[in-house]
$ cat upload_8.cif   # mmCIF, C-alpha atoms
data_protein
#
loop_
_atom_site.group_PDB
_atom_site.id
_atom_site.type_symbol
_atom_site.label_atom_id
_atom_site.label_comp_id
_atom_site.auth_asym_id
_atom_site.auth_seq_id
_atom_site.Cartn_x
_atom_site.Cartn_y
_atom_site.Cartn_z
ATOM 1 C CA MET Y 32 -15.984 6.953 1.781
ATOM 2 C CA LYS Y 33 -17.552 9.417 4.160
ATOM 3 C CA VAL Y 34 -15.192 9.225 7.116
ATOM 4 C CA GLU Y 35 -12.020 8.642 5.119
ATOM 5 C CA SER Y 36 -12.658 11.366 2.582
ATOM 6 C CA ARG Y 37 -13.632 13.914 5.234
ATOM 7 C CA THR Y 38 -10.542 13.145 7.281
ATOM 8 C CA VAL Y 39 -8.228 13.355 4.281
ATOM 9 C CA LEU Y 40 -9.911 16.505 2.955
ATOM 10 C CA GLY Y 41 -9.662 18.134 6.391
ATOM 11 C CA ALA Y 42 -5.969 17.266 6.759
ATOM 12 C CA PHE Y 43 -5.273 18.464 3.209
ATOM 13 C CA ALA Y 44 -7.035 21.810 3.820
ATOM 14 C CA PHE Y 45 -5.333 22.301 7.202
ATOM 15 C CA LEU Y 46 -1.843 21.574 5.860
ATOM 16 C CA THR Y 47 -2.411 23.726 2.774
ATOM 17 C CA ILE Y 48 -3.476 26.721 4.885
ATOM 18 C CA LEU Y 49 -0.641 26.080 7.335
ATOM 19 C CA ALA Y 50 1.923 25.929 4.501
ATOM 20 C CA ILE Y 51 0.663 29.223 3.019
ATOM 21 C CA VAL Y 52 0.719 31.005 6.394
ATOM 22 C CA TYR Y 53 4.169 29.584 7.175
ATOM 23 C CA TRP Y 54 5.486 30.647 3.769
ATOM 24 C CA VAL Y 55 4.130 34.194 4.206
ATOM 25 C CA LEU Y 56 5.619 34.513 7.692
ATOM 26 C CA VAL Y 57 9.003 33.239 6.499
ATOM 27 C CA ALA Y 58 8.898 35.653 3.536
ATOM 28 C CA LEU Y 59 8.057 38.603 5.814
ATOM 29 C CA HIS Y 60 10.937 37.880 8.173
ATOM 30 C CA GLY Y 61 13.400 37.166 5.378
ATOM 31 C CA SER Y 62 14.693 33.964 6.911
ATOM 32 C CA SER Y 63 16.200 31.628 4.344
ATOM 33 C CA THR Y 64 16.901 28.880 6.889
ATOM 34 C CA GLU Y 65 13.231 27.961 7.222
ATOM 35 C CA ARG Y 66 12.815 26.679 3.657
ATOM 36 C CA SER Y 67 12.951 23.113 4.896
ATOM 37 C CA GLY Y 68 9.758 23.705 6.885
ATOM 38 C CA ILE Y 69 7.999 24.947 3.772
ATOM 39 C CA ALA Y 70 9.198 21.915 1.830
ATOM 40 C CA MET Y 71 7.952 19.531 4.529
ATOM 41 C CA LEU Y 72 4.544 21.178 4.632
ATOM 42 C CA VAL Y 73 4.258 21.137 0.835
ATOM 43 C CA PHE Y 74 5.108 17.430 0.736
ATOM 44 C CA SER Y 75 2.675 16.794 3.598
ATOM 45 C CA PHE Y 76 -0.312 18.324 1.849
ATOM 46 C CA ALA Y 77 0.795 16.732 -1.430
ATOM 47 C CA ALA Y 78 0.702 13.321 0.290
ATOM 48 C CA TYR Y 79 -2.845 13.979 1.467
ATOM 49 C CA ALA Y 80 -3.756 15.131 -2.037
ATOM 50 C CA LEU Y 81 -2.446 11.812 -3.372
ATOM 51 C CA LEU Y 82 -4.482 9.861 -0.820
ATOM 52 C CA GLY Y 83 -7.550 11.967 -1.580
ATOM 53 C CA GLY Y 84 -7.114 11.298 -5.293
ATOM 54 C CA TYR Y 85 -7.035 7.563 -4.580
ATOM 55 C CA LEU Y 86 -10.235 7.776 -2.517
ATOM 56 C CA LEU Y 87 -11.896 9.812 -5.260
ATOM 57 C CA ALA Y 88 -10.872 7.233 -7.875
ATOM 58 C CA GLN Y 89 -12.352 4.438 -5.740
ATOM 59 C CA TYR Y 90 -15.577 6.413 -5.319
ATOM 60 C CA LEU Y 91 -15.839 7.009 -9.066
ATOM 61 C CA ARG Y 92 -15.056 3.344 -9.744
ATOM 62 C CA ARG Y 93 -18.079 2.399 -7.641
ATOM 63 C CA HIS Y 94 -20.188 4.893 -9.654
ATOM 64 C CA GLY Y 95 -21.133 6.806 -6.519
ATOM 65 C CA ILE Y 96 -22.699 3.780 -4.809
ATOM 66 C CA PRO Y 97 -21.791 3.966 -1.114
ATOM 67 C CA ARG Y 98 -20.089 1.042 0.570
ATOM 68 C CA ALA Y 99 -21.944 -0.862 3.274
ATOM 69 C CA GLU Y 100 -19.738 0.662 5.985
ATOM 70 C CA ASP Y 101 -20.710 4.163 4.816
ATOM 71 C CA ARG Y 102 -24.467 3.595 5.191
ATOM 72 C CA PHE Y 103 -26.210 4.007 8.533
ATOM 73 C CA ASP Y 104 -28.966 1.523 7.592
ATOM 74 C CA ALA Y 105 -26.571 -1.265 6.515
ATOM 75 C CA THR Y 106 -26.639 -4.722 8.043
ATOM 76 C CA GLN Y 107 -23.924 -7.364 8.276
ATOM 77 C CA GLU Y 108 -25.399 -9.156 5.265
ATOM 78 C CA ASP Y 109 -24.771 -6.069 3.117
ATOM 79 C CA GLY Y 110 -21.040 -6.487 3.642
ATOM 80 C CA ALA Y 111 -20.988 -10.223 2.913
ATOM 81 C CA GLY Y 112 -19.523 -11.749 -0.216
ATOM 82 C CA VAL Y 113 -16.520 -10.884 -2.316
ATOM 83 C CA ILE Y 114 -15.119 -7.584 -1.151
ATOM 84 C CA ASP Y 115 -12.465 -6.769 -3.731
ATOM 85 C CA TYR Y 116 -9.213 -7.921 -5.220
ATOM 86 C CA PHE Y 117 -6.331 -8.071 -2.771
ATOM 87 C CA PRO Y 118 -2.790 -8.795 -3.969
ATOM 88 C CA ALA Y 119 -0.891 -11.692 -2.502
ATOM 89 C CA THR Y 120 1.217 -11.008 0.553
ATOM 90 C CA SER Y 121 4.838 -10.263 -0.091
ATOM 91 C CA ILE Y 122 7.835 -9.072 1.889
ATOM 92 C CA TRP Y 123 9.391 -7.338 -1.105
ATOM 93 C CA PRO Y 124 7.584 -3.970 -0.829
ATOM 94 C CA ALA Y 125 8.862 -3.655 2.744
ATOM 95 C CA ALA Y 126 12.381 -4.434 1.556
ATOM 96 C CA MET Y 127 12.017 -1.797 -1.177
ATOM 97 C CA GLY Y 128 10.941 0.699 1.461
ATOM 98 C CA LEU Y 129 13.942 -0.173 3.606
ATOM 99 C CA GLY Y 130 16.190 0.410 0.603
ATOM 100 C CA MET Y 131 14.595 3.824 0.111
ATOM 101 C CA VAL Y 132 15.167 4.645 3.792
ATOM 102 C CA PHE Y 133 18.868 3.877 3.374
ATOM 103 C CA GLY Y 134 18.846 5.998 0.201
ATOM 104 C CA ALA Y 135 17.378 8.908 2.161
ATOM 105 C CA CYS Y 136 19.948 8.390 4.920
ATOM 106 C CA ALA Y 137 22.640 8.772 2.260
ATOM 107 C CA LEU Y 138 21.540 12.375 1.747
ATOM 108 C CA VAL Y 139 22.091 13.098 5.428
ATOM 109 C CA TRP Y 140 24.926 10.920 6.725
ATOM 110 C CA GLY Y 141 26.984 9.923 3.731
ATOM 111 C CA LEU Y 142 26.856 8.418 0.303
ATOM 112 C CA TRP Y 143 28.023 5.012 1.487
ATOM 113 C CA TYR Y 144 24.432 4.453 2.722
ATOM 114 C CA LEU Y 145 23.381 4.747 -0.913
ATOM 115 C CA ALA Y 146 25.240 1.537 -1.790
ATOM 116 C CA ILE Y 147 23.364 -0.380 0.915
ATOM 117 C CA GLY Y 148 20.071 1.186 -0.141
ATOM 118 C CA ALA Y 149 20.645 0.414 -3.809
ATOM 119 C CA VAL Y 150 21.437 -3.233 -3.089
ATOM 120 C CA LEU Y 151 18.330 -3.569 -0.906
ATOM 121 C CA PHE Y 152 16.053 -1.704 -3.313
ATOM 122 C CA PHE Y 153 17.121 -3.386 -6.548
ATOM 123 C CA GLY Y 154 17.366 -6.772 -4.849
ATOM 124 C CA ALA Y 155 13.781 -6.335 -3.654
ATOM 125 C CA VAL Y 156 12.638 -5.279 -7.117
ATOM 126 C CA PHE Y 157 14.269 -8.404 -8.562
ATOM 127 C CA GLY Y 158 12.719 -10.560 -5.828
ATOM 128 C CA TRP Y 159 9.251 -9.109 -6.358
ATOM 129 C CA VAL Y 160 9.404 -9.553 -10.128
ATOM 130 C CA THR Y 161 10.627 -13.138 -9.907
ATOM 131 C CA GLU Y 162 8.104 -13.930 -7.174
ATOM 132 C CA SER Y 163 5.222 -12.959 -9.433
ATOM 133 C CA ASP Y 164 6.524 -15.300 -12.149
ATOM 134 C CA TYR Y 165 6.636 -18.318 -9.834
ATOM 135 C CA THR Y 166 3.993 -20.944 -10.569
ATOM 136 C CA GLU Y 167 3.599 -24.360 -9.081
ATOM 137 C CA ASP Y 168 4.351 -27.171 -11.491
ATOM 138 C CA VAL Y 169 1.243 -29.305 -11.962
ATOM 139 C CA LEU Y 170 1.003 -31.907 -14.649
ATOM 140 C CA PRO Y 171 -1.609 -31.087 -17.308
ATOM 141 C CA GLY Y 172 -4.802 -33.029 -16.756
ATOM 142 C CA SER Y 173 -3.887 -34.151 -13.254
ATOM 143 C CA ASP Y 174 -6.547 -33.871 -10.611
ATOM 144 C CA PRO Y 175 -5.393 -32.302 -7.297
ATOM 145 C CA ASP Y 176 -7.382 -34.926 -5.341
ATOM 146 C CA GLU Y 177 -5.662 -37.756 -7.224
ATOM 147 C CA LEU Y 178 -2.267 -36.187 -6.552
ATOM 148 C CA ALA Y 179 -3.090 -35.880 -2.837
ATOM 149 C CA ALA Y 180 -4.221 -39.516 -2.683
ATOM 150 C CA SER Y 181 -1.067 -40.701 -4.406
ATOM 151 C CA HIS Y 182 0.997 -38.934 -1.728
ATOM 152 C CA GLY Y 183 -1.021 -40.531 1.083
ATOM 153 C CA ASP Y 184 -3.041 -37.442 2.030
ATOM 154 C CA PHE Y 185 -6.422 -39.045 2.597
ATOM 155 C CA ALA Y 186 -7.866 -36.158 4.619
ATOM 156 C CA SER Y 187 -8.045 -33.804 1.651
ATOM 157 C CA THR Y 188 -9.680 -36.387 -0.653
ATOM 158 C CA GLY Y 189 -12.401 -37.419 1.706
ATOM 159 C CA ALA Y 190 -11.199 -41.061 1.568
ATOM 160 C CA HIS Y 191 -11.285 -42.986 4.801
ATOM 161 C CA HIS Y 192 -8.981 -45.809 5.703
ATOM 162 C CA ASP Y 193 -10.205 -48.267 8.323
ATOM 163 C CA HIS Y 194 -7.904 -50.714 10.103
#
$ encode --input "upload_8.cif" --output "structure tokens"
Amino acid sequence: MKVESRTVLGAFAFLTILAIVYWVLVALHGSSTERSGIAMLVFSFAAYALLGGYLLAQYLRRHGIPRAEDRFDATQEDGAGVIDYFPATSIWPAAMGLGMVFGACALVWGLWYLAIGAVLFFGAVFGWVTESDYTEDVLPGSDPDELAASHGDFASTGAHHDH
């Protein structure tokens, strides 16, 4: 967590200081048109705070034990084995993000984008939920090797057929 946490902490500190300085300069000049810049900087350092919180939670979950990639004396064998849980791949989060992009476009170019975004977003939510409920139908007590042999797949069972 050394490199990641230092990078995120540095970006968070830089954007926080930049947002404060920007806010003070805007307040001194009395310009009300620059509020969008303040909002963008606040959301920027808030995003880095969120990422930093995630990294801190992962560090605490490991009880302060450094990962192999964070140790200078680590070998390749230290990183071998089960790494962690990774969710299955899915297209639905990308579709949800696309729906959110159309929702954001609705704020700028017109509310008709919101209809497209809502269909994409809620369709992706429905797809993701139903995808996680999908299970392959396997008969109770059936052996996968026996099923493969019954379908003529001899390579997976280790059976050899000589002519």
$ residues_around --input "upload_8.cif" --residues "Phe133 in chain Y" --least-positions-apart "4" --cutoff "8 Å" --atoms "all atoms listed in the file" --output "number ranges by chain"
Y: 129, 137, 144-145, 147-148
$ residues_near_point --input "upload_8.cif" --point "(21.5, 2.7, 5.7)" --cutoff "12 Å" --atoms "only C-alpha atoms" --output "PyMOL selection string"
chain Y and resi 128-152
$ write_last_selection --input "upload_8.cif" --atoms "C-alpha atoms" --output "PDB file, keeping the file's coordinate frame"
ATOM      1  CA  GLY Y 128      10.941   0.699   1.461  1.00  0.00           C
ATOM      2  CA  LEU Y 129      13.942  -0.173   3.606  1.00  0.00           C
ATOM      3  CA  GLY Y 130      16.190   0.410   0.603  1.00  0.00           C
ATOM      4  CA  MET Y 131      14.595   3.824   0.111  1.00  0.00           C
ATOM      5  CA  VAL Y 132      15.167   4.645   3.792  1.00  0.00           C
ATOM      6  CA  PHE Y 133      18.868   3.877   3.374  1.00  0.00           C
ATOM      7  CA  GLY Y 134      18.846   5.998   0.201  1.00  0.00           C
ATOM      8  CA  ALA Y 135      17.378   8.908   2.161  1.00  0.00           C
ATOM      9  CA  CYS Y 136      19.948   8.390   4.920  1.00  0.00           C
ATOM     10  CA  ALA Y 137      22.640   8.772   2.260  1.00  0.00           C
ATOM     11  CA  LEU Y 138      21.540  12.375   1.747  1.00  0.00           C
ATOM     12  CA  VAL Y 139      22.091  13.098   5.428  1.00  0.00           C
ATOM     13  CA  TRP Y 140      24.926  10.920   6.725  1.00  0.00           C
ATOM     14  CA  GLY Y 141      26.984   9.923   3.731  1.00  0.00           C
ATOM     15  CA  LEU Y 142      26.856   8.418   0.303  1.00  0.00           C
ATOM     16  CA  TRP Y 143      28.023   5.012   1.487  1.00  0.00           C
ATOM     17  CA  TYR Y 144      24.432   4.453   2.722  1.00  0.00           C
ATOM     18  CA  LEU Y 145      23.381   4.747  -0.913  1.00  0.00           C
ATOM     19  CA  ALA Y 146      25.240   1.537  -1.790  1.00  0.00           C
ATOM     20  CA  ILE Y 147      23.364  -0.380   0.915  1.00  0.00           C
ATOM     21  CA  GLY Y 148      20.071   1.186  -0.141  1.00  0.00           C
ATOM     22  CA  ALA Y 149      20.645   0.414  -3.809  1.00  0.00           C
ATOM     23  CA  VAL Y 150      21.437  -3.233  -3.089  1.00  0.00           C
ATOM     24  CA  LEU Y 151      18.330  -3.569  -0.906  1.00  0.00           C
ATOM     25  CA  PHE Y 152      16.053  -1.704  -3.313  1.00  0.00           C
TER      26      PHE Y 152
END
$ closest_residue --input "upload_8.cif" --among "Y:Ile69, Y:Ala105, Y:Ala44, Y:Val39" --to "Leu56 in chain Y" --atoms "only C-alpha atoms"
Y:Ile69
$ resolve_selection --input "upload_8.cif" --expression "the PyMOL selection byres ((chain Y and resi 155) around 8)" --output "number ranges by chain"
Y: 123-124, 126-127, 151-154, 156-159
$ resolve_selection --input "upload_8.cif" --expression "the PyMOL selection byres ((chain Y and resi 75-86) around 9)" --output "short mmCIF file (atom, residue, chain, number, x, y, z; two decimals) with C-alpha atoms, keeping the file's coordinate frame"
data_model
loop_
_atom_site.label_atom_id
_atom_site.label_comp_id
_atom_site.auth_asym_id
_atom_site.auth_seq_id
_atom_site.Cartn_x
_atom_site.Cartn_y
_atom_site.Cartn_z
CA MET Y 32 -15.98 6.95 1.78
CA GLU Y 35 -12.02 8.64 5.12
CA SER Y 36 -12.66 11.37 2.58
CA VAL Y 39 -8.23 13.36 4.28
CA LEU Y 40 -9.91 16.50 2.96
CA ALA Y 42 -5.97 17.27 6.76
CA PHE Y 43 -5.27 18.46 3.21
CA ALA Y 44 -7.04 21.81 3.82
CA PHE Y 45 -5.33 22.30 7.20
CA LEU Y 46 -1.84 21.57 5.86
CA THR Y 47 -2.41 23.73 2.77
CA ALA Y 50 1.92 25.93 4.50
CA ALA Y 70 9.20 21.92 1.83
CA MET Y 71 7.95 19.53 4.53
CA LEU Y 72 4.54 21.18 4.63
CA VAL Y 73 4.26 21.14 0.84
CA PHE Y 74 5.11 17.43 0.74
CA LEU Y 87 -11.90 9.81 -5.26
CA ALA Y 88 -10.87 7.23 -7.88
CA GLN Y 89 -12.35 4.44 -5.74
CA TYR Y 90 -15.58 6.41 -5.32
CA LEU Y 91 -15.84 7.01 -9.07
#
$ atom_distance --input "upload_8.cif" --atom1 "CA of Ser121 in chain Y" --atom2 "CA of Glu162 in chain Y"
8.6 Å
$ atom_distance --input "upload_8.cif" --atom1 "CA of Ala119 in chain Y" --atom2 "CA of Arg93 in chain Y"
22.8 Å
$ build_atoms --input "upload_8.cif" --residues "range 58-83 of chain Y" --atoms "N, CA and C atoms" --output "CSV table (one decimal), keeping the file's coordinate frame"
chain,number,residue,atom,x,y,z
Y,58,ALA,N,8.6,34.6,4.5
Y,58,ALA,CA,8.9,35.7,3.5
Y,58,ALA,C,8.9,37.0,4.2
Y,59,LEU,N,8.1,37.3,5.1
Y,59,LEU,CA,8.1,38.6,5.8
Y,59,LEU,C,9.3,38.8,6.7
Y,60,HIS,N,9.8,37.8,7.3
Y,60,HIS,CA,10.9,37.9,8.2
Y,60,HIS,C,12.3,37.7,7.4
Y,61,GLY,N,12.2,37.3,6.2
Y,61,GLY,CA,13.4,37.2,5.4
Y,61,GLY,C,14.3,36.1,5.8
Y,62,SER,N,13.8,35.1,6.5
Y,62,SER,CA,14.7,34.0,6.9
Y,62,SER,C,14.8,32.9,5.8
Y,63,SER,N,16.0,32.6,5.4
Y,63,SER,CA,16.2,31.6,4.3
Y,63,SER,C,16.5,30.3,4.9
Y,64,THR,N,16.6,30.2,6.3
Y,64,THR,CA,16.9,28.9,6.9
Y,64,THR,C,15.6,28.1,7.1
Y,65,GLU,N,14.5,28.7,7.0
Y,65,GLU,CA,13.2,28.0,7.2
Y,65,GLU,C,12.6,27.4,6.0
Y,66,ARG,N,13.4,27.3,4.9
Y,66,ARG,CA,12.8,26.7,3.7
Y,66,ARG,C,12.5,25.2,3.8
Y,67,SER,N,13.2,24.5,4.7
Y,67,SER,CA,13.0,23.1,4.9
Y,67,SER,C,11.6,22.9,5.5
Y,68,GLY,N,11.1,23.8,6.3
Y,68,GLY,CA,9.8,23.7,6.9
Y,68,GLY,C,8.7,23.9,5.8
Y,69,ILE,N,8.9,24.8,4.9
Y,69,ILE,CA,8.0,24.9,3.8
Y,69,ILE,C,8.0,23.7,2.9
Y,70,ALA,N,9.1,23.1,2.6
Y,70,ALA,CA,9.2,21.9,1.8
Y,70,ALA,C,8.5,20.8,2.5
Y,71,MET,N,8.6,20.6,3.8
Y,71,MET,CA,8.0,19.5,4.5
Y,71,MET,C,6.4,19.7,4.5
Y,72,LEU,N,6.0,20.9,4.7
Y,72,LEU,CA,4.5,21.2,4.6
Y,72,LEU,C,4.0,21.0,3.2
Y,73,VAL,N,4.7,21.4,2.2
Y,73,VAL,CA,4.3,21.1,0.8
Y,73,VAL,C,4.2,19.6,0.6
Y,74,PHE,N,5.2,18.9,1.0
Y,74,PHE,CA,5.1,17.4,0.7
Y,74,PHE,C,4.0,16.8,1.6
Y,75,SER,N,3.7,17.3,2.8
Y,75,SER,CA,2.7,16.8,3.6
Y,75,SER,C,1.3,17.0,2.9
Y,76,PHE,N,1.0,18.2,2.5
Y,76,PHE,CA,-0.3,18.3,1.8
Y,76,PHE,C,-0.4,17.7,0.5
Y,77,ALA,N,0.8,17.5,-0.2
Y,77,ALA,CA,0.8,16.7,-1.4
Y,77,ALA,C,0.5,15.3,-1.2
Y,78,ALA,N,1.0,14.7,-0.1
Y,78,ALA,CA,0.7,13.3,0.3
Y,78,ALA,C,-0.8,13.1,0.5
Y,79,TYR,N,-1.4,14.1,1.2
Y,79,TYR,CA,-2.8,14.0,1.5
Y,79,TYR,C,-3.6,14.2,0.2
Y,80,ALA,N,-3.1,15.0,-0.7
Y,80,ALA,CA,-3.8,15.1,-2.0
Y,80,ALA,C,-3.7,13.8,-2.8
Y,81,LEU,N,-2.6,13.1,-2.7
Y,81,LEU,CA,-2.4,11.8,-3.4
Y,81,LEU,C,-3.4,10.8,-2.8
Y,82,LEU,N,-3.5,10.8,-1.5
Y,82,LEU,CA,-4.5,9.9,-0.8
Y,82,LEU,C,-5.9,10.2,-1.2
Y,83,GLY,N,-6.2,11.5,-1.2
Y,83,GLY,CA,-7.6,12.0,-1.6
Y,83,GLY,C,-7.9,11.6,-3.0
